[in-house]
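Below is the file final_20.cif, which contains mmCIF, C-alpha atoms.
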```
data_data
loop_
_atom_site.label_atom_id
_atom_site.label_comp_id
_atom_site.auth_asym_id
_atom_site.auth_seq_id
_atom_site.Cartn_x
_atom_site.Cartn_y
_atom_site.Cartn_z
CA MET A 1 -80.80 -131.70 236.30
CA THR A 2 -79.31 -134.53 234.28
CA ASP A 3 -75.67 -134.50 233.16
CA ALA A 4 -72.36 -136.08 234.12
CA LEU A 5 -72.63 -134.55 237.59
CA SER A 6 -76.05 -136.09 238.28
CA PRO A 7 -74.77 -138.85 240.63
CA LEU A 8 -73.26 -136.19 242.87
CA PHE A 9 -76.52 -134.36 243.57
CA ASP A 10 -77.75 -137.18 245.80
CA LEU A 11 -74.71 -136.78 248.05
CA VAL A 12 -76.14 -133.55 249.45
CA PRO A 13 -78.16 -134.46 252.57
CA ALA A 14 -81.92 -134.57 252.10
CA VAL A 15 -84.04 -131.89 253.74
CA ASP A 16 -86.59 -133.19 256.25
CA LEU A 17 -89.89 -131.32 255.87
CA SER A 18 -91.73 -133.19 258.62
CA ARG A 19 -90.67 -130.96 261.53
CA ARG A 20 -93.00 -128.04 261.01
CA GLU A 21 -92.09 -126.36 264.28
CA ARG A 22 -88.47 -126.02 263.08
CA MET A 23 -89.35 -124.82 259.58
CA ALA A 24 -89.98 -121.44 257.95
CA LEU A 25 -90.89 -120.17 254.51
CA MET A 26 -88.33 -117.45 253.77
CA ILE A 27 -89.34 -114.99 251.03
CA ILE A 28 -86.52 -112.80 249.75
CA ASP A 29 -86.92 -109.25 248.40
CA MET A 30 -90.37 -109.47 246.83
CA GLN A 31 -90.59 -105.68 246.95
CA TYR A 32 -91.80 -103.26 244.33
CA HIS A 33 -88.32 -101.86 243.82
CA ASP A 34 -87.01 -105.08 242.26
CA ALA A 35 -89.94 -107.46 241.82
CA SER A 36 -92.40 -105.43 239.77
CA PRO A 37 -92.48 -104.75 236.01
CA ALA A 38 -94.28 -101.44 236.51
CA ARG A 39 -92.18 -99.94 239.29
CA GLY A 40 -88.62 -99.59 240.53
CA LEU A 41 -85.85 -101.31 238.61
CA GLY A 42 -88.24 -103.20 236.36
CA ARG A 43 -89.54 -100.00 234.83
CA ALA A 44 -86.28 -98.04 234.94
CA ILE A 45 -84.08 -100.63 233.23
CA GLN A 46 -86.70 -101.42 230.62
CA ALA A 47 -86.85 -97.72 229.72
CA VAL A 48 -83.13 -97.47 228.90
CA ALA A 49 -82.63 -101.03 227.62
CA PRO A 50 -85.88 -102.14 225.97
CA GLY A 51 -86.31 -105.88 226.18
CA ALA A 52 -83.66 -106.37 228.87
CA MET A 53 -86.25 -107.18 231.53
CA ASP A 54 -88.73 -109.09 229.37
CA TYR A 55 -87.75 -112.57 230.53
CA TYR A 56 -87.57 -111.56 234.19
CA ASN A 57 -90.85 -109.66 234.16
CA GLU A 58 -92.71 -112.44 232.35
CA ARG A 59 -91.39 -115.06 234.75
CA LEU A 60 -92.25 -112.89 237.76
CA GLU A 61 -95.85 -112.35 236.75
CA GLY A 62 -96.56 -115.71 235.16
CA VAL A 63 -94.61 -118.11 237.35
CA THR A 64 -92.81 -116.79 240.40
CA VAL A 65 -95.39 -114.57 242.11
CA PRO A 66 -98.21 -117.14 241.71
CA ALA A 67 -95.91 -119.89 243.04
CA ILE A 68 -94.88 -117.89 246.09
CA ARG A 69 -98.48 -116.96 246.74
CA ARG A 70 -99.55 -120.62 246.74
CA MET A 71 -96.83 -121.52 249.21
CA LEU A 72 -97.56 -118.49 251.37
CA GLU A 73 -101.24 -119.37 251.57
CA PHE A 74 -100.38 -122.97 252.49
CA PHE A 75 -97.86 -122.03 255.20
CA ARG A 76 -100.29 -119.53 256.70
CA ARG A 77 -103.14 -122.01 256.65
CA GLU A 78 -100.97 -124.66 258.32
CA GLY A 79 -99.59 -122.27 260.93
CA ILE A 80 -95.97 -122.67 259.80
CA ALA A 81 -93.61 -119.73 260.26
CA VAL A 82 -93.08 -117.18 257.49
CA VAL A 83 -90.07 -114.85 257.33
CA HIS A 84 -89.91 -111.93 254.89
CA LEU A 85 -86.49 -110.54 253.98
CA VAL A 86 -86.52 -107.00 252.61
CA LEU A 87 -83.62 -105.02 251.16
CA GLY A 88 -83.22 -101.35 251.99
CA SER A 89 -81.51 -98.65 254.00
CA ARG A 90 -83.06 -96.24 256.46
CA TYR A 91 -80.82 -93.54 255.01
CA GLN A 92 -81.10 -91.97 251.57
CA ASP A 93 -77.31 -91.97 251.23
CA LEU A 94 -77.29 -95.74 251.89
CA ARG A 95 -74.62 -95.38 254.57
CA GLU A 96 -75.61 -98.77 256.03
CA CYS A 97 -74.80 -100.53 252.76
CA PRO A 98 -71.35 -101.69 251.57
CA PRO A 99 -69.38 -99.06 249.59
CA ARG A 100 -69.36 -101.08 246.36
CA PHE A 101 -73.11 -101.63 246.65
CA ARG A 102 -73.60 -97.88 247.05
CA GLU A 103 -71.40 -97.12 244.05
CA TRP A 104 -73.20 -99.70 241.90
CA THR A 105 -76.54 -98.22 242.96
CA ARG A 106 -75.50 -94.67 242.07
CA ASN A 107 -74.25 -95.86 238.68
CA LEU A 108 -77.55 -97.63 238.11
CA GLU A 109 -79.55 -94.58 239.14
CA ARG A 110 -77.49 -92.34 236.86
CA VAL A 111 -78.05 -94.57 233.84
CA THR A 112 -81.74 -95.28 234.44
CA GLY A 113 -82.92 -92.03 235.99
CA ALA A 114 -84.30 -93.91 239.01
CA ARG A 115 -83.95 -92.32 242.43
CA ASP A 116 -83.59 -93.70 245.96
CA ILE A 117 -83.93 -97.28 244.75
CA TRP A 118 -83.09 -98.93 248.08
CA TRP A 119 -84.20 -96.23 250.52
CA SER A 120 -86.84 -97.49 252.92
CA GLY A 121 -88.67 -94.17 252.60
CA ASN A 122 -89.39 -94.89 248.95
CA PRO A 123 -92.91 -96.34 248.44
CA ASP A 124 -91.30 -99.02 246.25
CA PHE A 125 -89.61 -100.42 249.39
CA ALA A 126 -92.93 -102.12 250.22
CA VAL A 127 -93.50 -105.82 249.59
CA ARG A 128 -95.90 -106.49 246.72
CA ASP A 129 -99.48 -106.36 247.98
CA GLU A 130 -100.32 -109.98 247.14
CA LEU A 131 -97.32 -111.21 249.16
CA ALA A 132 -97.26 -108.56 251.89
CA PRO A 133 -96.59 -109.64 255.48
CA ILE A 134 -99.57 -110.00 257.75
CA GLU A 135 -99.71 -109.41 261.48
CA GLY A 136 -97.50 -111.85 263.34
CA GLU A 137 -95.15 -112.63 260.47
CA THR A 138 -91.46 -111.90 260.87
CA VAL A 139 -89.89 -109.17 258.72
CA VAL A 140 -86.11 -108.74 258.64
CA ARG A 141 -84.55 -105.76 256.85
CA LYS A 142 -81.12 -106.28 255.32
CA THR A 143 -78.62 -103.85 253.85
CA THR A 144 -76.65 -106.31 251.70
CA ASN A 145 -77.42 -108.88 249.03
CA GLY A 146 -77.06 -111.72 251.51
CA GLY A 147 -79.67 -111.98 254.21
CA PHE A 148 -77.18 -112.97 256.91
CA ASN A 149 -74.46 -110.40 256.22
CA GLY A 150 -76.43 -107.20 256.66
CA SER A 151 -79.04 -108.06 259.28
CA GLY A 152 -79.76 -109.96 262.48
CA LEU A 153 -81.39 -112.80 260.53
CA ASP A 154 -79.33 -115.58 262.09
CA ASP A 155 -80.19 -114.47 265.63
CA VAL A 156 -83.87 -114.13 264.72
CA LEU A 157 -84.08 -117.62 263.22
CA ARG A 158 -82.24 -119.25 266.12
CA ARG A 159 -84.47 -117.54 268.66
CA MET A 160 -87.45 -118.84 266.69
CA ASP A 161 -85.83 -122.31 266.89
CA ILE A 162 -85.81 -122.57 263.09
CA ASP A 163 -83.28 -124.83 261.37
CA THR A 164 -85.03 -125.63 258.07
CA LEU A 165 -85.74 -123.05 255.37
CA VAL A 166 -87.98 -123.22 252.33
CA VAL A 167 -86.63 -120.42 250.16
CA ALA A 168 -88.30 -118.26 247.51
CA GLY A 169 -87.76 -114.81 246.03
CA VAL A 170 -85.48 -112.75 243.81
CA VAL A 171 -82.99 -112.45 242.25
CA THR A 172 -81.86 -116.07 241.98
CA SER A 173 -78.18 -115.41 241.23
CA ALA A 174 -77.83 -112.47 243.62
CA CYS A 175 -79.73 -112.07 246.90
CA VAL A 176 -81.26 -115.55 246.84
CA GLU A 177 -78.00 -117.35 246.07
CA THR A 178 -75.95 -115.38 248.59
CA THR A 179 -78.54 -115.96 251.31
CA VAL A 180 -79.01 -119.70 250.81
CA ARG A 181 -75.29 -120.42 250.55
CA ASP A 182 -74.70 -118.51 253.77
CA ALA A 183 -77.62 -120.34 255.38
CA ALA A 184 -76.11 -123.71 254.50
CA ASP A 185 -72.74 -122.64 255.90
CA ARG A 186 -74.49 -121.77 259.15
CA GLY A 187 -76.05 -125.22 259.39
CA TYR A 188 -79.55 -124.55 258.08
CA HIS A 189 -81.26 -127.18 255.95
CA CYS A 190 -82.42 -125.41 252.79
CA ALA A 191 -84.95 -126.32 250.10
CA LEU A 192 -84.85 -123.82 247.23
CA VAL A 193 -87.99 -123.77 245.08
CA ASP A 194 -87.16 -123.31 241.38
CA GLU A 195 -90.59 -122.06 240.34
CA ALA A 196 -90.66 -119.56 243.21
CA THR A 197 -87.47 -117.76 242.16
CA ALA A 198 -86.58 -115.56 239.18
CA ASP A 199 -83.51 -114.13 237.50
CA TYR A 200 -82.79 -111.69 234.68
CA ASP A 201 -81.46 -114.47 232.46
CA PRO A 202 -82.47 -118.16 232.28
CA GLU A 203 -78.86 -119.36 232.06
CA MET A 204 -77.93 -117.49 235.23
CA HIS A 205 -80.97 -118.97 236.95
CA ARG A 206 -80.16 -122.54 235.91
CA ALA A 207 -76.48 -122.21 236.81
CA THR A 208 -77.33 -120.96 240.30
CA LEU A 209 -79.74 -123.82 240.97
CA LYS A 210 -77.25 -126.39 239.69
CA ALA A 211 -74.42 -125.11 241.88
CA PHE A 212 -76.72 -124.93 244.90
CA ALA A 213 -77.99 -128.49 244.40
CA LEU A 214 -74.46 -129.81 244.02
CA ASN A 215 -73.09 -128.30 247.22
CA PHE A 216 -75.56 -126.66 249.57
CA GLY A 217 -79.12 -128.00 249.66
CA ARG A 218 -82.02 -129.38 247.68
CA VAL A 219 -83.86 -127.83 244.75
CA VAL A 220 -87.59 -128.50 244.47
CA ASP A 221 -89.04 -127.93 241.02
CA SER A 222 -92.43 -126.45 241.86
CA ALA A 223 -94.49 -124.86 244.60
CA ASP A 224 -97.01 -127.68 244.35
CA ALA A 225 -94.29 -130.31 244.85
CA LEU A 226 -93.01 -128.45 247.89
CA ILE A 227 -96.48 -128.11 249.36
CA GLU A 228 -97.14 -131.81 248.83
CA ALA A 229 -93.85 -132.73 250.52
CA VAL A 230 -94.60 -130.57 253.57
CA ASP A 231 -98.16 -131.89 253.70
CA ARG A 232 -96.87 -135.49 253.75
CA GLY A 233 -94.00 -134.73 256.08
CA ALA A 234 -91.60 -136.01 253.45
CA THR A 235 -87.94 -135.38 252.71
CA VAL A 236 -86.73 -133.76 249.51
#
```
structure tokens encoding of this file:
Amino acid sequence: MTDALSPLFDLVPAVDLSRRERMALMIIDMQYHDASPARGLGRAIQAVAPGAMDYYNERLEGVTVPAIRRMLEFFRREGIAVVHLVLGSRYQDLRECPPRFREWTRNLERVTGARDIWWSGNPDFAVRDELAPIEGETVVRKTTNGGFNGSGLDDVLRRMDIDTLVVAGVVTSACVETTVRDAADRGYHCALVDEATADYDPEMHRATLKAFALNFGRVVDSADALIEAVDRGATV
């Protein structure tokens, strides 16, 4: 990130990755309903707007999922906490979700022909197999874009004594952005991994990372760089 604002990025406090007992890898919404080319939104939107999901789907499969998987394997191997955020409602009518979110969803379903996109009874609610939670890992269900607004995430993290978050998932400019901004406002130290996130459009992705790095936390370019920093107990 090099432009006239570059000197300001260093004003955001560094994130200390040496305190493993206070750290968690937080993976946002890597579910089939919105993180799979062949299922859920990926398939539905592509059917009515051919090409609209090409960039997102290619990044998911070629960059984001492999990056998250590398970090997930490292955190598990090192015994560092992992938290999975999942988006969905227990009710088919989405009564737990905000009214505007429900209306947007119904509009989307009408246009694409998809059904019950965010219902937890839909098989597409599941996390992708290669990233699925294992026994002992924390799973928090949310009913809003932001992880803190529609769940007990803050209470869960504080009871786990977590204050540092390594963040990955989708979509960069929606659920990821809302969650990490709210996390920073609540006092969490956040490192957002560029390679481990994806958006529908590269400009939206870049703009989100730039705004986050300027005001809220640190952006780490790659999964390997993040893993190396945690391994060395470094700051980013």
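Of the residues listed (A:Ala196, A:Val86, A:Ala229, A:Met30), A:Ala196 shows the shortest atom-to-atom separation from A:Ala168; distances use all atoms listed in the file.
With all atoms listed in the file as the atoms that count, the minimum distance from A:Ser36 to the choices A:Glu21, A:Glu103, A:Asp93, A:Asp124 is reached by A:Asp124.
One finds atom CA of A:Asp155 at 21.9 Å from atom CA of A:Phe75.
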Could you list, as a ChimeraX atom specification, every residue within 10 Å of A:Tyr32, counting only C-alpha atoms and ignoring same-chain residues fewer than 6 positions away?
/A:38-42,117,122-129
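Interatomic distance, atom CA of A:Gly146 against atom CA of A:Thr178: 4.8 Å.
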Sphere at (-80.8, -127.2, 243.7), radius 12 Å, counting all atoms listed in the file: residues as a PyMOL selection string:
chain A and resi 1+6+8-10+12-15+166-167+172+177+180-181+190-195+197+205-222+236
Those same residues - C-alpha atoms - I'd like them written as an mmCIF file, keeping the file's coordinate frame.
```cif
data_model
loop_
_atom_site.group_PDB
_atom_site.id
_atom_site.type_symbol
_atom_site.label_atom_id
_atom_site.label_comp_id
_atom_site.auth_asym_id
_atom_site.auth_seq_id
_atom_site.Cartn_x
_atom_site.Cartn_y
_atom_site.Cartn_z
ATOM 1 C CA MET A 1 -80.800 -131.700 236.300
ATOM 2 C CA SER A 6 -76.050 -136.090 238.280
ATOM 3 C CA LEU A 8 -73.260 -136.190 242.870
ATOM 4 C CA PHE A 9 -76.520 -134.360 243.570
ATOM 5 C CA ASP A 10 -77.750 -137.180 245.800
ATOM 6 C CA VAL A 12 -76.140 -133.550 249.450
ATOM 7 C CA PRO A 13 -78.160 -134.460 252.570
ATOM 8 C CA ALA A 14 -81.920 -134.570 252.100
ATOM 9 C CA VAL A 15 -84.040 -131.890 253.740
ATOM 10 C CA VAL A 166 -87.980 -123.220 252.330
ATOM 11 C CA VAL A 167 -86.630 -120.420 250.160
ATOM 12 C CA THR A 172 -81.860 -116.070 241.980
ATOM 13 C CA GLU A 177 -78.000 -117.350 246.070
ATOM 14 C CA VAL A 180 -79.010 -119.700 250.810
ATOM 15 C CA ARG A 181 -75.290 -120.420 250.550
ATOM 16 C CA CYS A 190 -82.420 -125.410 252.790
ATOM 17 C CA ALA A 191 -84.950 -126.320 250.100
ATOM 18 C CA LEU A 192 -84.850 -123.820 247.230
ATOM 19 C CA VAL A 193 -87.990 -123.770 245.080
ATOM 20 C CA ASP A 194 -87.160 -123.310 241.380
ATOM 21 C CA GLU A 195 -90.590 -122.060 240.340
ATOM 22 C CA THR A 197 -87.470 -117.760 242.160
ATOM 23 C CA HIS A 205 -80.970 -118.970 236.950
ATOM 24 C CA ARG A 206 -80.160 -122.540 235.910
ATOM 25 C CA ALA A 207 -76.480 -122.210 236.810
ATOM 26 C CA THR A 208 -77.330 -120.960 240.300
ATOM 27 C CA LEU A 209 -79.740 -123.820 240.970
ATOM 28 C CA LYS A 210 -77.250 -126.390 239.690
ATOM 29 C CA ALA A 211 -74.420 -125.110 241.880
ATOM 30 C CA PHE A 212 -76.720 -124.930 244.900
ATOM 31 C CA ALA A 213 -77.990 -128.490 244.400
ATOM 32 C CA LEU A 214 -74.460 -129.810 244.020
ATOM 33 C CA ASN A 215 -73.090 -128.300 247.220
ATOM 34 C CA PHE A 216 -75.560 -126.660 249.570
ATOM 35 C CA GLY A 217 -79.120 -128.000 249.660
ATOM 36 C CA ARG A 218 -82.020 -129.380 247.680
ATOM 37 C CA VAL A 219 -83.860 -127.830 244.750
ATOM 38 C CA VAL A 220 -87.590 -128.500 244.470
ATOM 39 C CA ASP A 221 -89.040 -127.930 241.020
ATOM 40 C CA SER A 222 -92.430 -126.450 241.860
ATOM 41 C CA VAL A 236 -86.730 -133.760 249.510
#
```
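Closest approach to A:Ala198 among A:Val170, A:Thr235, A:Ile134, A:Ser151 is made by A:Val170 (distances from all atoms listed in the file).
Each of A:Ile27, A:Val63, A:Ala223, A:Ala114 was checked against A:Gln46 using all atoms listed in the file; the smallest atom-to-atom distance is that of A:Ala114.
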Need the shell around A:Val139: protein/DNA/RNA residues with any atom at most 12 Å away, counting only C-alpha atoms. Skip same-chain ones fewer than 3 positions apart. Format as an mmCIF file with C-alpha atoms, in the coordinates of the input?
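Heads up, here's the output in part.cif:
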```cif
data_model
loop_
_atom_site.group_PDB
_atom_site.id
_atom_site.type_symbol
_atom_site.label_atom_id
_atom_site.label_comp_id
_atom_site.auth_asym_id
_atom_site.auth_seq_id
_atom_site.Cartn_x
_atom_site.Cartn_y
_atom_site.Cartn_z
ATOM 1 C CA LEU A 25 -90.890 -120.170 254.510
ATOM 2 C CA MET A 26 -88.330 -117.450 253.770
ATOM 3 C CA ILE A 27 -89.340 -114.990 251.030
ATOM 4 C CA ILE A 28 -86.520 -112.800 249.750
ATOM 5 C CA ASP A 29 -86.920 -109.250 248.400
ATOM 6 C CA MET A 30 -90.370 -109.470 246.830
ATOM 7 C CA ALA A 81 -93.610 -119.730 260.260
ATOM 8 C CA VAL A 82 -93.080 -117.180 257.490
ATOM 9 C CA VAL A 83 -90.070 -114.850 257.330
ATOM 10 C CA HIS A 84 -89.910 -111.930 254.890
ATOM 11 C CA LEU A 85 -86.490 -110.540 253.980
ATOM 12 C CA VAL A 86 -86.520 -107.000 252.610
ATOM 13 C CA LEU A 87 -83.620 -105.020 251.160
ATOM 14 C CA ALA A 126 -92.930 -102.120 250.220
ATOM 15 C CA VAL A 127 -93.500 -105.820 249.590
ATOM 16 C CA ALA A 132 -97.260 -108.560 251.890
ATOM 17 C CA PRO A 133 -96.590 -109.640 255.480
ATOM 18 C CA ILE A 134 -99.570 -110.000 257.750
ATOM 19 C CA GLU A 135 -99.710 -109.410 261.480
ATOM 20 C CA GLY A 136 -97.500 -111.850 263.340
ATOM 21 C CA LYS A 142 -81.120 -106.280 255.320
ATOM 22 C CA GLY A 147 -79.670 -111.980 254.210
ATOM 23 C CA SER A 151 -79.040 -108.060 259.280
ATOM 24 C CA GLY A 152 -79.760 -109.960 262.480
ATOM 25 C CA LEU A 153 -81.390 -112.800 260.530
ATOM 26 C CA VAL A 156 -83.870 -114.130 264.720
ATOM 27 C CA LEU A 157 -84.080 -117.620 263.220
#
```
As a check of understanding: the span from atom CA of A:Ala24 to atom CA of A:Glu61 is 23.8 Å
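In this comparison, which uses all atoms listed in the file, the residue of A:Thr164, A:Val171, A:Ser89, A:Asp185 approaching A:Gly150 most closely is A:Ser89.
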